[in-house]
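First the structure, in the form of structure tokens, and then the observations on it.
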Amino acid sequence: MHALPKAELHVHLEGTLEPELLLRLAQKHGIPTPYESVEAARTAYQFDSLQSFLNLYYKGADVLRDAEDFYTLTWEYLTRAHAQNVCHVEPFFDPQTHTARDIPLDAVFEGITGALRQGEKEFGITSGLILCFLRDLSEEAALATFEAALPFRDQFVGVGLDSAEVGNPPSKFTRVFANAKAEGLHLVAHAGEEGDSSYIWDALNALHVTRIDHGIACEQDPVLVAYLREHAIPLTVCPLSNLKLKAVPSMKEHNILRLLKEGVCVTVNSDDPAYFGGYMNENYEALVTHLGATKEELKALTCNSFRASFLGEKDKQAHL
Ligand code: ADE
Ligand code: ZN
């Protein structure tokens, strides 16, 4: 399984900020750290909900100040991904988390895409960057962010929707997703992580996304499960994240393999690996340890990761 080539389709670059780098960047910029030490940071990473995690995640991102920081963040992620035989990545970033602190968007793009280019050169890792809107902010803020990102249109392949789900349904962002579609961008959204299955329907019907991030709440609605199967809508599932944020009561109760058996195109991903205790292989390992995933199931999941990607048909086939 470690040796199997894999694609990662659900990872927030800000969520790959390991405590070591967080402390290093705080020192570089002379800013107070929320943690005394790496150990103190890890001890603080205990969550009882999505919001309890987001509070620490946004606090941590405050150390990212210049293009070099975004480069280092992305580079360190790619180095870890390469060590786990991840050969294609479609990472998310949250521009609003940075522009709200007056970090120029061009510094964010320069750092991230510089590292992604180097990753392809040095490791052969291909990539497609996805710009996420924060759903707890307004659609007007998302529209302004999208406008500001258009000069960098050639540096991202899609848009997504993340942050606090419950109370912020996808349909709040209908106009900005329509604009992104008109620009030829791929569309994804977090839905059915903490929210119920109606959030998944809403992402499909109002935003016309072609892939759902998380989506584990789909099981509440058998009609929806059939729809996802019949329309081959992939789910980017994040097992360790779901456990840490208590979206599932225990790994034994995770539905990823049930959905796989039902013919849904589920994939395995790390979400925010620096906070949830594992990168890709640790997520796959959890399925073996707690759900008894077989070799065939692991292979099917890695094949799904390429099928569900935004790679062109030829490149997909080369990986299958
Ligand atoms: N931002 C980073 N990780 C997230 C998650 N798991 N859900 C929603 N927003 C996020
Ligand atoms: Zn996520």
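In the structure tokens, chains take letters A, B, ... by order of appearance, with residues numbered from 1 within each chain and ligands from 1 in the order shown.
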
Which residues of chain A come within 6 Å of ligand 1, and for each one, what is the closest pair of atoms and their distance in Å to one decimal, counting only C-alpha atoms and all ligand atoms, sorted by chain and residue number, as JSON lines?
```
{"residue": "A:His12", "atom": "CA", "partner": "ligand 1", "partner_atom_place_in_ligand_line": "2 (C)", "distance": 5.7}
{"residue": "A:Asp162", "atom": "CA", "partner": "ligand 1", "partner_atom_place_in_ligand_line": "9 (N)", "distance": 4.0}
{"residue": "A:Ser163", "atom": "CA", "partner": "ligand 1", "partner_atom_place_in_ligand_line": "9 (N)", "distance": 3.3}
{"residue": "A:Ala164", "atom": "CA", "partner": "ligand 1", "partner_atom_place_in_ligand_line": "8 (C)", "distance": 5.8}
{"residue": "A:Asp271", "atom": "CA", "partner": "ligand 1", "partner_atom_place_in_ligand_line": "6 (N)", "distance": 5.9}
{"residue": "A:Asp272", "atom": "CA", "partner": "ligand 1", "partner_atom_place_in_ligand_line": "3 (N)", "distance": 5.8}
```

For Val11 in chain A, work out the shell of residues within 9 Å, counting only C-alpha atoms and skipping chain neighbours fewer than 5 positions away, then give it as number ranges by chain. A: 16, 89-93, 269-273

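Near Pro34 in chain A, within 12 Å and counting only C-alpha atoms, sit Pro19, Leu22, Leu23, Ala26, Gln27, Val38, Ala40, Ala41, Arg42, Ala44, Tyr45, Asn55, Leu56, Tyr57, Tyr58, Lys59, Gly60, Ala61, Asp62 and Val63 of chain A, not including residues fewer than 4 positions from it in the same chain.
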
Residue neighbourhood Glu183 in chain A, 12 Å, only C-alpha atoms, exclusion window fewer than 2 positions, as a VMD selection string: chain A and resid 146 to 147 149 to 150 153 to 154 156 to 159 176 to 181 185 to 187

Near-Gly111 in chain A list (8 Å; only C-alpha atoms; drop same-chain fewer than 6 positions) as a count of residues only: 8

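CA of Tyr227 in chain A is positioned 23.8 Å from CA of Glu8 in chain A.
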
CA of Ala107 in chain A to CA of Lys121 in chain A, straight-line distance in Å: 21.1 Å

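With only C-alpha atoms and all ligand atoms as the basis for measurement, A:Gly15 is the residue among A:Gly312, A:Gly124, A:Gly263, A:Gly15 that approaches ligand 2 most closely.
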
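Counting only C-alpha atoms and comparing A:Tyr77, A:Phe53, A:Phe152, A:Phe276, the residue that lies closest to Glu110 in chain A is A:Phe152.
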
Neighbouring residues of Leu73 in chain A were defined as those with any atom within 8 Å, considering only C-alpha atoms; residues of the same chain fewer than 5 positions away were excluded. Please report them as a list in words.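 The neighbour list is Leu13, Glu14, Thr16, Leu17, Leu21 and Ile112 of chain A.
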
Between A:Glu20, A:Glu194, A:Glu282, A:Asp213, which is the closest to Lys246 in chain A once you count only C-alpha atoms? A:Glu194

Choose the residue, out of A:Arg258, A:Ser241, A:Lys299, A:Gln96, that has the smallest atom-to-atom separation from Asn283 in chain A; count only C-alpha atoms. A:Ser241

Show which residues sit within 12 Å of Cys303 in chain A, as a list in words. Count only C-alpha atoms, and ignore same-chain residues fewer than 4 positions away. Leu4, Pro5, Lys6, Ala7, Glu8, Pro234, Leu260, Cys265, Val266, Thr267, Val268, Glu296, Glu297, Leu298, Lys299, Arg307, Ala308, Ser309, Lys316, Gln317, Ala318, His319 and Leu320 of chain A

Atoms to include: N, CA and C atoms. Write the selected residues as a short mmCIF file (atom, residue, chain, number, x, y, z; two decimals), in the first residue's frame.
```
data_model
loop_
_atom_site.label_atom_id
_atom_site.label_comp_id
_atom_site.auth_asym_id
_atom_site.auth_seq_id
_atom_site.Cartn_x
_atom_site.Cartn_y
_atom_site.Cartn_z
N LEU A 4 2.02 1.90 -3.46
CA LEU A 4 1.04 2.21 -4.52
C LEU A 4 1.07 3.70 -4.85
N PRO A 5 1.11 4.06 -6.14
CA PRO A 5 1.00 5.49 -6.49
C PRO A 5 -0.39 6.00 -6.11
N LYS A 6 -0.42 7.20 -5.56
CA LYS A 6 -1.68 7.76 -5.05
C LYS A 6 -1.84 9.21 -5.50
N ALA A 7 -3.09 9.65 -5.57
CA ALA A 7 -3.38 11.08 -5.77
C ALA A 7 -4.05 11.59 -4.52
N GLU A 8 -3.69 12.81 -4.12
CA GLU A 8 -4.37 13.44 -2.98
C GLU A 8 -5.22 14.61 -3.48
N PRO A 234 -17.52 11.80 -7.34
CA PRO A 234 -16.61 11.29 -6.31
C PRO A 234 -16.75 12.02 -4.97
N LEU A 260 -17.81 2.36 -0.66
CA LEU A 260 -17.03 1.75 -1.76
C LEU A 260 -17.76 0.51 -2.29
N CYS A 265 -17.75 6.38 -5.80
CA CYS A 265 -16.32 6.63 -6.06
C CYS A 265 -15.71 7.39 -4.88
N VAL A 266 -15.37 6.65 -3.81
CA VAL A 266 -14.77 7.28 -2.63
C VAL A 266 -13.25 7.26 -2.76
N THR A 267 -12.61 8.30 -2.20
CA THR A 267 -11.14 8.39 -2.21
C THR A 267 -10.66 8.69 -0.79
N VAL A 268 -9.38 8.44 -0.54
CA VAL A 268 -8.79 8.66 0.79
C VAL A 268 -7.87 9.88 0.73
N GLU A 296 -7.36 -5.50 -2.23
CA GLU A 296 -8.18 -5.11 -3.38
C GLU A 296 -8.89 -3.78 -3.12
N GLU A 297 -9.36 -3.62 -1.88
CA GLU A 297 -10.04 -2.36 -1.54
C GLU A 297 -9.06 -1.18 -1.59
N LEU A 298 -7.85 -1.41 -1.08
CA LEU A 298 -6.84 -0.33 -1.09
C LEU A 298 -6.51 0.04 -2.53
N LYS A 299 -6.39 -0.96 -3.37
CA LYS A 299 -6.08 -0.71 -4.78
C LYS A 299 -7.23 0.07 -5.44
N ARG A 307 -9.07 8.48 -10.87
CA ARG A 307 -10.33 8.65 -11.62
C ARG A 307 -11.03 9.94 -11.23
N ALA A 308 -11.00 10.24 -9.92
CA ALA A 308 -11.73 11.42 -9.41
C ALA A 308 -10.96 12.72 -9.60
N SER A 309 -9.72 12.62 -10.08
CA SER A 309 -8.87 13.81 -10.20
C SER A 309 -9.28 14.64 -11.40
N LYS A 316 -4.92 10.29 -16.68
CA LYS A 316 -5.64 9.39 -15.76
C LYS A 316 -5.33 7.94 -16.13
N GLN A 317 -5.52 7.63 -17.40
CA GLN A 317 -5.33 6.25 -17.87
C GLN A 317 -3.91 5.78 -17.57
N ALA A 318 -2.94 6.68 -17.71
CA ALA A 318 -1.54 6.31 -17.47
C ALA A 318 -1.33 5.86 -16.02
N HIS A 319 -2.20 6.34 -15.12
CA HIS A 319 -2.04 6.00 -13.69
C HIS A 319 -2.87 4.77 -13.30
N LEU A 320 -3.81 4.35 -14.17
CA LEU A 320 -4.75 3.27 -13.76
C LEU A 320 -4.21 1.88 -14.11
#
```

Give the alpha helix (DSSP H) residues of range 56-303 of chain A, as assigned by DSSP on the backbone, as a ChimeraX atom specification. /A:56-60,67-83,95-99,105-123,139-149,174-182,197-202,222-230,239-244,256-261,273-276,280-291,295-303

How would the residues just chosen look if you wrote them out with C-alpha atoms as a compact mmCIF listing (two decimals), in the first residue's frame?
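In the end it all went to result-v4.txt:
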```txt
# COMPACT_ATOMS: atom_id res chain seq x y z
CA LEU A 56 -6.64 26.86 16.02
CA TYR A 57 -6.18 26.45 12.26
CA TYR A 58 -6.82 30.15 11.57
CA LYS A 59 -4.62 31.14 14.53
CA GLY A 60 -1.77 28.98 13.18
CA ALA A 67 5.96 34.39 -0.45
CA GLU A 68 8.87 32.47 1.05
CA ASP A 69 6.63 31.19 3.88
CA PHE A 70 4.02 29.91 1.41
CA TYR A 71 6.80 28.32 -0.63
CA THR A 72 8.25 26.53 2.40
CA LEU A 73 4.80 25.39 3.58
CA THR A 74 3.97 23.90 0.18
CA TRP A 75 7.43 22.47 -0.35
CA GLU A 76 7.44 20.66 3.00
CA TYR A 77 4.02 19.18 2.18
CA LEU A 78 5.23 17.98 -1.24
CA THR A 79 8.35 16.44 0.31
CA ARG A 80 6.16 14.40 2.68
CA ALA A 81 3.72 13.49 -0.07
CA HIS A 82 6.58 12.31 -2.30
CA ALA A 83 7.93 10.11 0.51
CA PRO A 95 -6.97 33.28 0.13
CA GLN A 96 -9.33 35.15 2.45
CA THR A 97 -7.45 33.94 5.53
CA HIS A 98 -4.44 35.82 4.19
CA THR A 99 -5.90 38.87 2.46
CA LEU A 105 -2.56 37.70 -3.03
CA ASP A 106 0.42 37.70 -5.40
CA ALA A 107 2.74 36.64 -2.53
CA VAL A 108 0.40 33.75 -1.72
CA PHE A 109 0.25 32.58 -5.35
CA GLU A 110 3.97 33.14 -5.93
CA GLY A 111 4.98 30.98 -2.96
CA ILE A 112 2.48 28.17 -3.53
CA THR A 113 2.81 27.82 -7.29
CA GLY A 114 6.60 28.24 -7.14
CA ALA A 115 6.76 25.18 -4.87
CA LEU A 116 4.25 23.23 -6.99
CA ARG A 117 6.42 23.84 -10.09
CA GLN A 118 9.53 22.73 -8.20
CA GLY A 119 7.63 19.63 -6.98
CA GLU A 120 6.93 18.62 -10.55
CA LYS A 121 10.54 19.24 -11.59
CA GLU A 122 12.19 17.49 -8.67
CA PHE A 123 9.64 14.80 -7.70
CA GLU A 139 -21.00 35.78 -0.93
CA GLU A 140 -19.99 39.40 -1.63
CA ALA A 141 -16.62 38.70 0.01
CA ALA A 142 -16.25 35.54 -2.12
CA LEU A 143 -17.14 37.51 -5.28
CA ALA A 144 -14.52 40.15 -4.45
CA THR A 145 -11.93 37.42 -3.76
CA PHE A 146 -12.71 35.74 -7.06
CA GLU A 147 -12.30 39.06 -8.94
CA ALA A 148 -8.97 39.65 -7.19
CA ALA A 149 -7.81 36.14 -8.14
CA THR A 174 -24.58 30.35 -6.23
CA ARG A 175 -23.38 33.46 -8.11
CA VAL A 176 -19.68 33.10 -7.42
CA PHE A 177 -19.72 29.41 -8.45
CA ALA A 178 -21.59 30.35 -11.66
CA ASN A 179 -18.84 32.91 -12.40
CA ALA A 180 -16.15 30.30 -11.75
CA LYS A 181 -17.92 27.83 -14.05
CA ALA A 182 -18.06 30.48 -16.79
CA SER A 197 -27.22 15.16 3.46
CA SER A 198 -29.21 18.25 2.35
CA TYR A 199 -25.90 20.14 2.11
CA ILE A 200 -24.70 17.60 -0.48
CA TRP A 201 -27.87 17.96 -2.57
CA ASP A 202 -27.49 21.73 -2.31
CA PRO A 222 -30.35 6.24 -0.09
CA VAL A 223 -31.62 8.26 -3.07
CA LEU A 224 -28.54 10.47 -2.79
CA VAL A 225 -26.19 7.47 -2.56
CA ALA A 226 -27.76 6.09 -5.76
CA TYR A 227 -27.41 9.50 -7.42
CA LEU A 228 -23.70 9.75 -6.51
CA ARG A 229 -23.12 6.24 -7.86
CA GLU A 230 -25.09 6.73 -11.08
CA PRO A 239 -10.91 9.31 7.70
CA LEU A 240 -8.52 10.65 10.38
CA SER A 241 -10.07 14.13 10.08
CA ASN A 242 -13.56 12.70 10.58
CA LEU A 243 -12.37 10.87 13.68
CA LYS A 244 -10.50 13.87 15.19
CA ILE A 256 -15.96 4.71 3.60
CA LEU A 257 -15.73 0.99 2.83
CA ARG A 258 -19.52 0.57 2.90
CA LEU A 259 -19.80 3.35 0.31
CA LEU A 260 -17.03 1.75 -1.76
CA LYS A 261 -18.97 -1.55 -1.74
CA PRO A 273 -2.50 16.36 8.23
CA ALA A 274 -0.47 18.54 10.63
CA TYR A 275 -3.50 18.75 12.93
CA PHE A 276 -5.08 15.31 12.55
CA MET A 280 -1.97 9.80 3.20
CA ASN A 281 -0.47 6.50 4.31
CA GLU A 282 -1.65 6.94 7.90
CA ASN A 283 -5.19 7.46 6.59
CA TYR A 284 -4.98 4.29 4.49
CA GLU A 285 -3.44 2.43 7.45
CA ALA A 286 -6.38 3.41 9.67
CA LEU A 287 -8.71 1.66 7.21
CA VAL A 288 -6.63 -1.52 7.43
CA THR A 289 -6.33 -1.45 11.22
CA HIS A 290 -9.90 -0.51 12.12
CA LEU A 291 -11.98 -1.61 9.14
CA LYS A 295 -5.52 -5.26 -0.67
CA GLU A 296 -8.18 -5.11 -3.38
CA GLU A 297 -10.04 -2.36 -1.54
CA LEU A 298 -6.84 -0.33 -1.09
CA LYS A 299 -6.08 -0.71 -4.78
CA ALA A 300 -9.64 0.36 -5.70
CA LEU A 301 -9.30 3.43 -3.47
CA THR A 302 -6.01 4.47 -5.07
CA CYS A 303 -7.46 3.93 -8.58
```

Minimum-distance residue to ligand 2, chosen among A:Thr236, A:Ser52, A:Asn85, A:Ser37 (using only C-alpha atoms and all ligand atoms):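 Of A:Thr236, A:Ser52, A:Asn85, A:Ser37, the one nearest ligand 2, counting only C-alpha atoms and all ligand atoms, is A:Thr236.
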
DSSP-assigned strand (DSSP E) members of range 127-263 of chain A, reported as a ChimeraX atom specification: /A:127,130-134,158-162,186-191,211-214,235-237

Two-atom distance - CA of Asp94 in chain A, CA of Ala206 in chain A (Å): 21.6 Å

From the options A:Leu64, A:Lys172, A:Glu313, A:Ser49, which residue's atoms come nearest to Arg24 in chain A, counting only C-alpha atoms? A:Leu64
